[in-house]
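Okay, run-v2.txt now, which holds compact mmCIF, C-alpha atoms and all ligand atoms:
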```txt
# COMPACT_ATOMS: atom_id res chain seq x y z
CA MET M 1 103.87 66.04 96.64
CA LYS M 2 103.25 69.79 96.61
CA VAL M 3 100.24 70.85 98.60
CA ASN M 4 98.11 73.75 97.57
CA THR M 5 99.10 77.07 99.02
CA SER M 6 97.74 80.18 97.40
CA LEU M 7 97.22 83.93 97.64
CA THR M 8 94.16 85.80 96.37
CA PHE M 9 94.08 89.61 96.42
CA TYR M 10 90.65 91.17 96.92
CA GLY M 11 91.94 94.71 97.35
CA GLY M 12 95.09 96.81 97.23
CA VAL M 13 95.39 95.97 93.53
CA ASN M 14 96.21 99.04 91.39
CA GLU M 15 95.17 101.23 94.30
CA ILE M 16 96.70 102.61 97.46
CA GLY M 17 95.04 100.67 100.28
CA GLY M 18 92.02 98.44 100.61
CA ASN M 19 94.27 95.44 101.32
CA LYS M 20 92.36 92.16 101.64
CA ILE M 21 94.56 89.15 100.97
CA LEU M 22 93.34 85.58 101.36
CA LEU M 23 96.02 83.02 102.13
CA GLN M 24 94.96 79.38 101.76
CA ASP M 25 97.05 76.43 102.84
CA ARG M 26 95.58 72.93 102.75
CA GLY M 27 92.16 73.52 104.31
CA THR M 28 93.17 76.64 106.27
CA LYS M 29 92.09 80.14 105.25
CA ILE M 30 93.39 83.35 106.77
CA PHE M 31 93.03 86.94 105.68
CA LEU M 32 95.94 89.37 105.78
CA ASP M 33 94.24 92.72 106.45
CA PHE M 34 90.64 93.51 105.67
CA GLY M 35 90.57 97.19 104.78
CA MET M 36 88.29 99.66 103.11
CA SER M 37 89.08 100.71 99.56
CA PHE M 38 88.72 104.49 99.37
CA VAL M 39 89.32 104.49 95.63
CA SER M 40 86.59 101.98 94.73
CA LYS M 41 84.21 103.64 97.14
CA LYS M 42 84.68 107.03 95.51
CA GLN M 43 83.96 105.49 92.12
CA TYR M 44 80.38 104.84 93.19
CA TYR M 45 79.60 106.96 96.23
CA SER M 46 79.53 110.59 97.26
CA LEU M 47 79.16 111.03 101.01
CA PRO M 48 76.96 111.72 102.86
CA PHE M 49 73.99 111.62 100.51
CA LEU M 50 75.02 108.75 98.30
CA SER M 51 76.47 106.17 100.65
CA PRO M 52 76.35 102.36 100.81
CA ARG M 53 73.20 101.13 102.55
CA SER M 54 74.15 97.53 103.14
CA GLU M 55 76.91 95.00 102.70
CA LYS M 56 74.97 93.71 99.70
CA SER M 57 75.79 96.91 97.80
CA LEU M 58 79.45 96.62 98.72
CA GLN M 59 79.56 93.02 97.51
CA GLU M 60 77.71 93.90 94.33
CA LEU M 61 80.22 96.66 93.52
CA GLY M 62 83.26 94.52 94.31
CA MET M 63 84.32 96.28 97.53
CA LEU M 64 83.63 93.25 99.71
CA PRO M 65 84.69 89.84 98.36
CA LYS M 66 81.85 87.41 97.71
CA LEU M 67 82.77 84.67 100.15
CA LYS M 68 80.70 82.17 102.06
CA GLY M 69 80.92 81.61 105.79
CA PHE M 70 82.82 84.78 106.53
CA TYR M 71 80.38 87.59 107.28
CA ARG M 72 78.10 88.52 110.15
CA PHE M 73 75.11 88.21 107.90
CA ASP M 74 75.97 84.66 106.74
CA GLU M 75 73.89 81.87 108.08
CA ASP M 76 76.68 79.30 107.66
CA GLY M 77 79.34 78.93 110.33
CA PRO M 78 82.74 80.52 109.75
CA GLU M 79 84.81 79.08 106.92
CA VAL M 80 87.67 81.53 107.39
CA ASP M 81 89.94 80.64 110.32
CA ALA M 82 91.44 84.01 111.25
CA VAL M 83 92.12 87.59 110.15
CA PHE M 84 95.49 89.24 110.79
CA LEU M 85 95.67 93.05 110.77
CA SER M 86 99.00 94.70 110.03
CA HIS M 87 97.94 98.07 111.52
CA ALA M 88 94.96 100.29 112.37
CA HIS M 89 94.72 102.47 109.26
CA MET M 90 91.22 102.22 107.79
CA ASP M 91 92.48 100.98 104.44
CA HIS M 92 93.76 97.85 106.24
CA SER M 93 91.30 97.31 109.04
CA ALA M 94 87.87 98.96 108.64
CA TYR M 95 86.02 96.07 107.02
CA VAL M 96 86.45 93.72 109.98
CA SER M 97 83.17 95.50 110.68
CA PHE M 98 81.46 92.91 108.47
CA ILE M 99 83.05 89.67 109.58
CA ASN M 100 81.51 86.91 111.66
CA ARG M 101 82.22 87.67 115.31
CA GLU M 102 83.40 84.09 115.93
CA ILE M 103 86.43 84.62 113.69
CA PRO M 104 89.48 85.74 115.69
CA VAL M 105 91.12 89.01 114.58
CA TYR M 106 94.81 89.06 115.47
CA CYS M 107 96.58 92.42 115.71
CA GLY M 108 99.08 94.37 117.76
CA GLU M 109 97.94 95.55 121.20
CA THR M 110 98.20 99.20 120.04
CA THR M 111 96.08 98.47 116.96
CA LYS M 112 93.40 97.01 119.18
CA ILE M 113 93.46 100.10 121.43
CA ILE M 114 93.24 102.46 118.45
CA LEU M 115 90.44 100.55 116.72
CA GLN M 116 88.39 100.32 119.89
CA ALA M 117 88.89 104.04 120.65
CA LEU M 118 87.93 104.95 117.07
CA GLY M 119 84.91 102.67 117.36
CA GLU M 120 83.76 104.67 120.38
CA VAL M 121 84.26 108.16 118.91
CA ARG M 122 82.77 107.51 115.50
CA THR M 123 79.06 107.66 114.95
CA ALA M 124 77.84 104.12 114.36
CA ALA M 125 78.48 103.30 110.74
CA LEU M 126 77.92 100.37 108.46
CA GLU M 127 81.55 100.40 107.44
CA PHE M 128 83.17 100.84 110.79
CA ASP M 129 81.80 98.89 113.70
CA VAL M 130 84.21 96.87 115.82
CA GLU M 131 81.73 95.98 118.53
CA TYR M 132 82.12 92.36 119.65
CA VAL M 133 85.03 91.78 117.27
CA LEU M 134 87.05 88.91 118.73
CA PHE M 135 90.40 90.74 119.01
CA LYS M 136 93.46 88.73 120.00
CA SER M 137 96.53 90.87 120.42
CA PHE M 138 100.14 89.95 119.72
CA ARG M 139 103.63 91.39 120.18
CA THR M 140 106.93 90.86 118.37
CA GLY M 141 108.36 87.47 119.34
CA ASP M 142 104.96 85.78 119.50
CA LYS M 143 104.26 82.77 117.28
CA ILE M 144 100.61 82.19 116.49
CA THR M 145 99.37 78.85 115.21
CA VAL M 146 96.26 78.52 113.08
CA ASP M 147 95.91 74.83 112.16
CA ASP M 148 99.22 73.99 110.45
CA LEU M 149 100.18 77.60 109.80
CA GLU M 150 102.57 79.46 112.05
CA ILE M 151 102.48 83.25 111.93
CA GLU M 152 105.21 85.48 113.32
CA PRO M 153 104.39 89.18 113.69
CA ILE M 154 107.39 91.55 113.74
CA HIS M 155 107.10 95.29 114.42
CA VAL M 156 107.76 97.79 111.61
CA ASP M 157 107.89 101.59 111.59
CA HIS M 158 104.92 103.35 109.96
CA SER M 159 102.92 106.58 110.38
CA ILE M 160 100.71 104.98 113.04
CA PRO M 161 101.99 103.13 116.10
CA GLY M 162 101.54 99.37 116.43
CA ALA M 163 102.30 98.41 112.80
CA TYR M 164 103.54 94.90 112.02
CA GLY M 165 104.89 92.86 109.17
CA LEU M 166 104.11 89.13 109.11
CA VAL M 167 106.07 85.99 108.33
CA ILE M 168 103.68 83.13 107.65
CA HIS M 169 105.14 79.62 107.62
CA THR M 170 103.04 77.57 105.19
CA SER M 171 103.46 73.98 104.04
CA ASN M 172 105.15 75.30 100.87
CA GLY M 173 107.57 77.70 102.56
CA ALA M 174 107.36 81.13 104.14
CA VAL M 175 105.20 83.98 102.87
CA VAL M 176 106.22 87.48 103.99
CA TYR M 177 103.74 90.37 104.19
CA THR M 178 105.18 93.86 104.76
CA GLY M 179 101.92 95.68 105.56
CA ASP M 180 102.77 99.41 105.33
CA PHE M 181 106.29 100.27 106.44
CA ARG M 182 109.18 102.67 106.10
CA ALA M 183 112.86 102.99 106.92
CA HIS M 184 113.03 106.78 107.43
CA GLY M 185 110.71 107.20 110.45
CA THR M 186 111.56 107.59 114.13
CA LYS M 187 112.15 103.86 114.69
CA PRO M 188 114.00 102.43 111.67
CA GLU M 189 115.43 99.64 113.86
CA MET M 190 111.96 98.06 114.04
CA THR M 191 111.84 97.79 110.26
CA SER M 192 115.37 96.31 110.29
CA ASP M 193 114.22 93.65 112.78
CA PHE M 194 111.42 92.71 110.41
CA VAL M 195 113.69 92.55 107.37
CA ALA M 196 116.18 90.33 109.26
CA LYS M 197 113.40 87.88 110.26
CA ALA M 198 111.97 87.89 106.75
CA LYS M 199 115.37 87.09 105.26
CA GLU M 200 116.00 84.32 107.78
CA ALA M 201 112.74 82.63 106.73
CA LYS M 202 114.03 82.22 103.10
CA PRO M 203 110.55 83.02 101.79
CA VAL M 204 108.94 81.71 98.64
CA ALA M 205 106.88 84.90 98.34
CA VAL M 206 106.89 88.49 99.53
CA VAL M 207 103.75 90.59 99.40
CA THR M 208 105.02 94.14 99.58
CA GLU M 209 103.57 97.61 99.63
CA ALA M 210 104.96 99.81 96.86
CA THR M 211 103.09 103.04 97.56
CA ASN M 212 105.88 105.47 96.74
CA THR M 213 106.84 105.05 93.13
CA THR M 214 106.30 108.61 91.92
CA GLY M 215 106.94 111.72 93.98
CA ALA M 216 109.35 109.89 96.31
CA SER M 217 111.59 112.03 98.49
CA ILE M 218 114.39 111.76 101.02
CA SER M 219 113.45 113.13 104.42
CA SER M 220 112.90 112.08 108.02
CA GLU M 221 110.76 112.91 111.05
CA THR M 222 113.82 114.70 112.51
CA GLU M 223 113.84 116.93 109.46
CA VAL M 224 110.11 117.52 109.96
CA ARG M 225 110.81 118.59 113.56
CA ASN M 226 113.54 120.99 112.51
CA LYS M 227 111.31 122.56 109.88
CA LEU M 228 108.41 122.90 112.33
CA ASP M 229 110.76 124.55 114.85
CA ARG M 230 111.76 127.15 112.29
CA ILE M 231 108.22 127.88 111.18
CA VAL M 232 106.76 128.15 114.68
CA GLY M 233 109.79 130.14 115.88
CA GLN M 234 109.21 132.77 113.19
CA THR M 235 105.42 133.02 113.51
CA SER M 236 104.05 135.93 115.52
CA GLY M 237 100.36 134.96 115.39
CA LEU M 238 98.46 131.68 115.57
CA VAL M 239 99.89 128.46 114.11
CA LEU M 240 97.27 126.11 112.62
CA ALA M 241 98.40 122.50 112.20
CA ASP M 242 96.70 119.82 110.11
CA PHE M 243 97.93 116.27 110.72
CA ALA M 244 96.46 112.74 110.97
CA ASN M 245 94.79 111.85 114.27
CA ALA M 246 96.64 108.61 114.85
CA ASP M 247 100.06 109.79 113.63
CA VAL M 248 101.60 109.81 117.09
CA ASP M 249 105.08 110.65 115.76
CA ARG M 250 103.74 113.81 114.17
CA LEU M 251 101.71 114.71 117.25
CA ASN M 252 104.90 114.34 119.30
CA SER M 253 106.73 116.57 116.81
CA PHE M 254 104.13 119.34 117.10
CA TYR M 255 104.03 118.96 120.87
CA ARG M 256 107.82 119.31 121.17
CA THR M 257 107.90 122.27 118.80
CA ALA M 258 105.11 124.06 120.64
CA LYS M 259 106.80 123.52 124.02
CA LYS M 260 110.20 124.61 122.73
CA ASN M 261 108.69 127.84 121.44
CA GLY M 262 106.76 128.69 124.58
CA ARG M 263 103.40 127.71 123.13
CA CYS M 264 100.74 125.17 124.00
CA LEU M 265 99.53 122.50 121.58
CA ALA M 266 95.72 122.54 121.51
CA VAL M 267 94.51 119.11 120.43
CA SER M 268 90.97 118.21 119.35
CA LEU M 269 88.56 116.29 121.60
CA ARG M 270 89.08 113.29 119.37
CA GLN M 271 92.86 113.48 119.67
CA ALA M 272 92.49 113.89 123.44
CA TYR M 273 90.37 110.75 123.58
CA MET M 274 92.92 108.85 121.50
CA LEU M 275 95.81 110.06 123.68
CA LYS M 276 93.98 108.93 126.78
CA ALA M 277 93.50 105.46 125.28
CA LEU M 278 97.09 105.23 124.05
CA CYS M 279 98.48 106.19 127.48
CA LYS M 280 97.43 102.69 128.56
CA ASP M 281 100.03 101.26 126.19
CA GLU M 282 103.24 101.23 128.21
CA HIS M 283 105.39 100.72 125.09
CA LEU M 284 104.29 104.03 123.59
CA LYS M 285 105.51 107.53 124.28
CA VAL M 286 102.65 109.98 124.03
CA PRO M 287 102.20 113.37 125.70
CA ASP M 288 100.21 113.25 128.92
CA LEU M 289 96.94 115.17 128.84
CA GLY M 290 97.90 116.61 132.22
CA ASP M 291 101.01 118.24 130.71
CA GLU M 292 101.03 122.04 131.04
CA SER M 293 101.80 122.44 127.31
CA ILE M 294 98.68 120.58 126.23
CA LEU M 295 95.26 122.18 125.82
CA ILE M 296 92.07 120.60 124.52
CA PHE M 297 90.12 122.52 121.90
CA ARG M 298 86.35 122.22 122.01
CA LYS M 299 84.69 123.00 118.70
CA SER M 300 81.57 125.13 118.78
CA LYS M 301 78.51 122.95 118.38
CA LYS M 302 75.10 122.47 119.89
CA ARG M 303 75.35 118.90 121.06
CA TYR M 304 78.26 116.96 122.46
CA ARG M 305 78.43 113.19 122.45
CA LYS M 306 78.87 111.15 125.60
CA TRP M 307 82.60 110.54 125.18
CA GLU M 308 83.10 114.25 124.39
CA LYS M 309 81.30 115.28 127.56
CA ARG M 310 83.45 112.87 129.53
CA ILE M 311 86.68 114.42 128.23
CA VAL M 312 85.34 117.92 128.95
CA GLU M 313 84.37 116.97 132.52
CA GLU M 314 87.57 115.12 133.31
CA HIS M 315 89.85 117.83 131.94
CA SER M 316 87.84 120.98 132.51
CA ASP M 317 91.00 123.00 133.31
CA LYS M 318 92.40 122.16 129.87
CA ILE M 319 89.40 122.99 127.72
CA VAL M 320 89.57 126.03 125.44
CA ASP M 321 87.03 127.30 122.93
CA VAL M 322 87.26 129.59 119.89
CA PHE M 323 87.14 132.71 122.06
CA GLU M 324 90.06 131.68 124.24
CA ILE M 325 92.10 130.56 121.23
CA SER M 326 91.36 133.92 119.64
CA LYS M 327 92.76 135.78 122.68
CA GLN M 328 95.84 133.55 123.01
CA GLN M 329 96.90 133.33 119.36
CA PRO M 330 100.69 133.91 119.77
CA LYS M 331 100.76 131.26 122.52
CA VAL M 332 99.07 128.40 120.68
CA VAL M 333 99.61 125.76 118.01
CA LEU M 334 96.08 124.66 117.15
CA ALA M 335 95.54 121.21 115.65
CA MET M 336 92.73 121.48 113.13
CA SER M 337 91.52 119.51 110.16
CA PHE M 338 89.82 120.55 106.95
CA TYR M 339 86.46 119.97 108.63
CA ASP M 340 87.24 122.50 111.37
CA LEU M 341 87.80 125.45 109.02
CA GLU M 342 84.45 126.98 109.98
CA GLU M 343 85.96 127.66 113.45
CA LEU M 344 88.19 130.31 111.85
CA VAL M 345 85.23 132.69 111.69
CA GLU M 346 85.19 133.12 115.48
CA ILE M 347 88.93 132.68 115.97
CA ASN M 348 89.65 135.37 113.38
CA PRO M 349 93.39 134.69 112.95
CA GLN M 350 95.48 137.84 113.42
CA ALA M 351 97.98 139.07 110.82
CA GLY M 352 101.18 137.01 110.99
CA SER M 353 99.41 133.68 111.57
CA CYS M 354 100.11 130.65 109.40
CA TYR M 355 98.85 127.23 108.40
CA VAL M 356 100.97 124.07 108.33
CA LEU M 357 99.74 121.14 106.25
CA SER M 358 101.46 118.13 107.77
CA ALA M 359 99.77 115.32 105.86
CA SER M 360 100.08 113.99 102.32
CA GLU M 361 99.34 116.30 99.43
CA PRO M 362 96.11 115.77 97.51
CA PHE M 363 96.49 112.67 95.34
CA ASN M 364 93.09 112.41 93.70
CA GLU M 365 90.45 114.58 92.17
CA GLU M 366 88.18 114.81 95.19
CA MET M 367 91.04 115.76 97.43
CA GLU M 368 92.00 118.42 94.84
CA ILE M 369 88.54 119.95 95.18
CA ASP M 370 88.79 120.01 98.98
CA PHE M 371 92.27 121.44 98.61
CA GLU M 372 90.89 124.30 96.53
CA ARG M 373 88.39 125.04 99.30
CA LEU M 374 91.18 125.01 101.85
CA VAL M 375 93.14 127.49 99.74
CA ASN M 376 90.08 129.76 99.58
CA TRP M 377 89.81 129.83 103.39
CA LEU M 378 93.52 130.53 103.73
CA ARG M 379 93.27 133.33 101.17
CA HIS M 380 90.33 134.85 103.00
CA TYR M 381 92.26 135.03 106.29
CA GLY M 382 95.70 135.81 104.80
CA LEU M 383 97.29 132.58 106.02
CA PRO M 384 100.37 131.35 104.17
CA GLN M 385 100.55 127.58 103.81
CA TYR M 386 103.61 125.50 104.61
CA HIS M 387 103.76 121.85 103.64
CA VAL M 388 105.85 119.86 106.11
CA HIS M 389 105.48 116.12 105.85
CA VAL M 390 107.32 112.86 105.56
CA SER M 391 105.64 109.81 104.08
CA GLY M 392 104.57 106.77 106.10
CA HIS M 393 105.80 104.56 103.27
CA ILE M 394 109.15 103.16 102.23
CA MET M 395 111.03 104.87 99.39
CA PRO M 396 111.75 102.95 96.15
CA LEU M 397 115.53 102.59 96.46
CA GLN M 398 115.33 101.40 100.05
CA LEU M 399 112.52 98.99 99.17
CA LYS M 400 114.52 97.53 96.32
CA ASN M 401 117.49 96.93 98.64
CA ILE M 402 115.23 95.28 101.20
CA LEU M 403 113.66 93.00 98.58
CA LYS M 404 117.12 92.07 97.34
CA GLU M 405 118.14 91.18 100.87
CA ILE M 406 115.02 89.13 101.61
CA ASN M 407 115.57 87.34 98.30
CA ALA M 408 112.18 85.64 97.88
CA THR M 409 111.27 83.53 94.85
CA LYS M 410 108.25 85.68 93.98
CA ILE M 411 107.34 89.30 94.70
CA PHE M 412 103.73 90.55 94.72
CA PRO M 413 103.73 94.37 94.73
CA ILE M 414 100.44 95.83 95.98
CA HIS M 415 99.13 99.06 97.62
CA THR M 416 100.27 101.08 94.60
CA GLU M 417 98.86 102.62 91.42
CA HIS M 418 102.10 101.90 89.60
CA ALA M 419 102.86 98.17 90.00
CA ASP M 420 104.11 98.00 86.39
CA LEU M 421 106.59 100.82 86.94
CA PHE M 422 107.80 99.15 90.12
CA ALA M 423 108.15 95.73 88.42
CA LYS M 424 110.47 97.27 85.81
CA PHE M 425 112.42 99.12 88.48
CA ILE M 426 113.20 95.86 90.30
CA GLY M 427 113.50 93.91 87.03
CA ASP M 428 117.18 93.11 87.62
CA LEU M 429 116.55 91.26 90.91
CA GLN M 430 116.80 87.45 90.92
CA CYS M 431 113.09 86.85 91.42
CA GLU M 432 109.81 86.80 89.60
CA THR M 433 107.60 89.88 90.03
CA VAL M 434 103.93 89.05 89.67
CA ALA M 435 101.52 91.54 88.07
CA VAL M 436 98.67 91.01 90.53
CA GLU M 437 95.06 90.85 89.29
CA LYS M 438 92.16 91.35 91.64
CA GLY M 439 90.33 88.15 92.64
CA LYS M 440 92.75 85.76 90.89
CA GLU M 441 94.20 82.87 92.90
CA TYR M 442 98.00 82.57 92.74
CA LYS M 443 99.56 79.24 93.65
CA ILE M 444 102.82 79.49 95.50
ZN ZN M 501 97.82 101.51 103.67
ZN ZN M 502 99.02 102.57 106.68
```
Could you spell out this file's structure in structure tokens?
Amino acid sequence: MKVNTSLTFYGGVNEIGGNKILLQDRGTKIFLDFGMSFVSKKQYYSLPFLSPRSEKSLQELGMLPKLKGFYRFDEDGPEVDAVFLSHAHMDHSAYVSFINREIPVYCGETTKIILQALGEVRTAALEFDVEYVLFKSFRTGDKITVDDLEIEPIHVDHSIPGAYGLVIHTSNGAVVYTGDFRAHGTKPEMTSDFVAKAKEAKPVAVVTEATNTTGASISSETEVRNKLDRIVGQTSGLVLADFANADVDRLNSFYRTAKKNGRCLAVSLRQAYMLKALCKDEHLKVPDLGDESILIFRKSKKRYRKWEKRIVEEHSDKIVDVFEISKQQPKVVLAMSFYDLEELVEINPQAGSCYVLSASEPFNEEMEIDFERLVNWLRHYGLPQYHVHVSGHIMPLQLKNILKEINATKIFPIHTEHADLFAKFIGDLQCETVAVEKGKEYKI
């Protein structure tokens, strides 16, 4: 007799991110990721003045699933057995903030390091608080048992280190979850390892990301490095670089480019803190803060937080401020985000400086508005903008080949705004593609 195994998607449906997938098998319940949905949040909130006050608001507006025995604020004991995080991006992990601290949260060792470091540098927030979370870390090759379920995590390549795909052996066959992954990054062999394991499991279902359906491109991190080399090599003034804090591959690319061109890479205090934490992970290659080509940029502000002061004290010989950056412009690649643009007033970039956007292009209206502001700043200081980036997500043709190889009975495409387009694109594969609806339980 067939036992009940099912999947319910509480996020990542018709949106990029916010993955929260409940897998039930007999009496066992586990969540695959528990992330924040940026899209739903922006539908109702405008930070900082209109922001969620309590978990009740988030449940009311459908951002947190209404479940019993799962949250910190529930009186009943935990009814969910475990949460598995594929990686540390907020859209997959942030909402563990709300869960009952008795529920184990399984994730890669690197993910744990990143989430704990982020927890320390962020100001305490309703939506991101990992204090007392019961982290249990895993590595590729581990097999984790939760009641009758067996879960195998296998590393994948993504734009943050420590990303995993999962093979979950249920009583009705294997369920594969890709998390976020790609085949064109610096470690494609990790993704191949995952695909091989997934195929071997002869799965009944694959839950896959399908982020890149429009605007896909063919590129690689090596190509990014070559482009950065050419840009930095030709620049006579300051190079400003905007890239994601936890994208270690990109940080390595900027570091190598700066060094090769006789410059220093000035990282932010936050990046410095993250690098310090990640150094503890022996499997990762990150630049050492003691390296002569690394500087730490201290933003001008009145008050520094405890962790900031600690970095400043421990690396006082490395600290530079706006005035030093201003004097050393041809010798520096300065990492800066949109929120650091105000620093340009004191830095006063000299003629011949440029700005490199090394993150994804704006993909929604609010980002468009910020992008316009960025362009205004660049116009004011005469800074041309280069866009040098490669996506953290798999490209459609490669994904289709992978899905063909894994050959599951059912495919659940999520983490995309174009699931219908993707379903047609893979329509000739020998499998059923499910058009996922939020909150609906799918038997497998
Ligand atoms: Zn994601
Ligand atoms: Zn991600």
Restrict the calculation to only C-alpha atoms and all ligand atoms, then for each residue of chain M with any atom at most 8 Å from an atom of ligand ZN 501 (chain M) give the closest atom pair and their distance in Å to one decimal, rows by chain and rising residue number, as CSV.
```
residue,atom,partner,partner_atom,distance
M:Ile16,CA,M:ZN501,ZN,6.4
M:Gly17,CA,M:ZN501,ZN,4.5
M:Gly18,CA,M:ZN501,ZN,7.2
M:Asn19,CA,M:ZN501,ZN,7.4
M:His89,CA,M:ZN501,ZN,6.5
M:Met90,CA,M:ZN501,ZN,7.8
M:Asp91,CA,M:ZN501,ZN,5.4
M:His92,CA,M:ZN501,ZN,6.0
M:Gly179,CA,M:ZN501,ZN,7.4
M:Asp180,CA,M:ZN501,ZN,5.6
M:His415,CA,M:ZN501,ZN,6.7
```
Show which residues sit within 9 Å of Pro413 (chain M), as a PyMOL selection string. Count all atoms listed in the file, and ignore same-chain residues fewer than 3 positions away.
chain M and resi 13+206-210+416+419+422-423+433-436
Which residues of chain M have any atom within 12 Å of an atom in ligand ZN 502 (chain M) when counting only C-alpha atoms and all ligand atoms, and what is the closest pair of atoms for each, with the distance in Å to one decimal? Order the rows by chain and rising number and write it as a tab-separated table.
```
residue	atom	partner	partner_atom	distance
M:Gly12	CA	M:ZN502	ZN	11.7
M:Ile16	CA	M:ZN502	ZN	9.5
M:Gly17	CA	M:ZN502	ZN	7.8
M:Gly18	CA	M:ZN502	ZN	10.1
M:Asn19	CA	M:ZN502	ZN	10.1
M:Asp33	CA	M:ZN502	ZN	11.0
M:Gly35	CA	M:ZN502	ZN	10.2
M:Met36	CA	M:ZN502	ZN	11.7
M:Leu85	CA	M:ZN502	ZN	10.9
M:Ser86	CA	M:ZN502	ZN	8.6
M:His87	CA	M:ZN502	ZN	6.7
M:Ala88	CA	M:ZN502	ZN	7.4
M:His89	CA	M:ZN502	ZN	5.0
M:Met90	CA	M:ZN502	ZN	7.9
M:Asp91	CA	M:ZN502	ZN	7.1
M:His92	CA	M:ZN502	ZN	7.1
M:Ser93	CA	M:ZN502	ZN	9.6
M:Ala94	CA	M:ZN502	ZN	11.9
M:Thr111	CA	M:ZN502	ZN	11.5
M:Val156	CA	M:ZN502	ZN	11.1
M:Asp157	CA	M:ZN502	ZN	10.2
M:His158	CA	M:ZN502	ZN	6.8
M:Ser159	CA	M:ZN502	ZN	6.7
M:Ile160	CA	M:ZN502	ZN	7.0
M:Pro161	CA	M:ZN502	ZN	9.9
M:Gly162	CA	M:ZN502	ZN	10.6
M:Ala163	CA	M:ZN502	ZN	8.1
M:Tyr164	CA	M:ZN502	ZN	10.4
M:Gly165	CA	M:ZN502	ZN	11.6
M:Thr178	CA	M:ZN502	ZN	10.8
M:Gly179	CA	M:ZN502	ZN	7.6
M:Asp180	CA	M:ZN502	ZN	5.1
M:Phe181	CA	M:ZN502	ZN	7.6
M:Arg182	CA	M:ZN502	ZN	10.2
M:Glu209	CA	M:ZN502	ZN	9.7
M:Ala210	CA	M:ZN502	ZN	11.8
M:Thr211	CA	M:ZN502	ZN	10.0
M:Ala244	CA	M:ZN502	ZN	11.3
M:Ala246	CA	M:ZN502	ZN	10.4
M:Asp247	CA	M:ZN502	ZN	10.1
M:Ser391	CA	M:ZN502	ZN	10.1
M:Gly392	CA	M:ZN502	ZN	7.0
M:His393	CA	M:ZN502	ZN	7.8
M:Ile394	CA	M:ZN502	ZN	11.1
M:His415	CA	M:ZN502	ZN	9.7
```
Identify, on the basis of all atoms listed in the file, every residue whose closest approach to Trp377 (chain M) does not exceed 12 Å; exclude the query and any residue fewer than 6 positions from it along the same chain; express the result as an MDAnalysis selection string.
chainID M and resid 338:345 348:349 354:355 370:371 383:385
Save out the residues we just selected, C-alpha atoms, as a PDB file, keeping the file's coordinate frame.
```pdb
ATOM      1  CA  PHE M 338      89.820 120.550 106.950  1.00  0.00           C
ATOM      2  CA  TYR M 339      86.460 119.970 108.630  1.00  0.00           C
ATOM      3  CA  ASP M 340      87.240 122.500 111.370  1.00  0.00           C
ATOM      4  CA  LEU M 341      87.800 125.450 109.020  1.00  0.00           C
ATOM      5  CA  GLU M 342      84.450 126.980 109.980  1.00  0.00           C
ATOM      6  CA  GLU M 343      85.960 127.660 113.450  1.00  0.00           C
ATOM      7  CA  LEU M 344      88.190 130.310 111.850  1.00  0.00           C
ATOM      8  CA  VAL M 345      85.230 132.690 111.690  1.00  0.00           C
ATOM      9  CA  ASN M 348      89.650 135.370 113.380  1.00  0.00           C
ATOM     10  CA  PRO M 349      93.390 134.690 112.950  1.00  0.00           C
ATOM     11  CA  CYS M 354     100.110 130.650 109.400  1.00  0.00           C
ATOM     12  CA  TYR M 355      98.850 127.230 108.400  1.00  0.00           C
ATOM     13  CA  ASP M 370      88.790 120.010  98.980  1.00  0.00           C
ATOM     14  CA  PHE M 371      92.270 121.440  98.610  1.00  0.00           C
ATOM     15  CA  LEU M 383      97.290 132.580 106.020  1.00  0.00           C
ATOM     16  CA  PRO M 384     100.370 131.350 104.170  1.00  0.00           C
ATOM     17  CA  GLN M 385     100.550 127.580 103.810  1.00  0.00           C
TER      18      GLN M 385
END
```
Near-region 270-278 of chain M list (12 Å; all atoms listed in the file; drop same-chain fewer than 4 positions) as a ChimeraX atom specification:
/M:109-122,160-162,243-248,251-252,265-266,282-291,294-299,304-312,314-315,318-319,334-337
Neighbour list for region 166-175 of chain M as a compact mmCIF listing (two decimals) with C-alpha atoms, keeping the file's coordinate frame, cut-off 6 Å, only C-alpha atoms, skip fewer than 4 positions in-chain:
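selection.txt, freshly written:
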```txt
# COMPACT_ATOMS: atom_id res chain seq x y z
CA LEU M 149 100.18 77.60 109.80
CA GLU M 150 102.57 79.46 112.05
CA ILE M 151 102.48 83.25 111.93
CA GLU M 152 105.21 85.48 113.32
CA PRO M 153 104.39 89.18 113.69
CA PRO M 203 110.55 83.02 101.79
CA VAL M 204 108.94 81.71 98.64
CA ALA M 205 106.88 84.90 98.34
CA VAL M 206 106.89 88.49 99.53
```
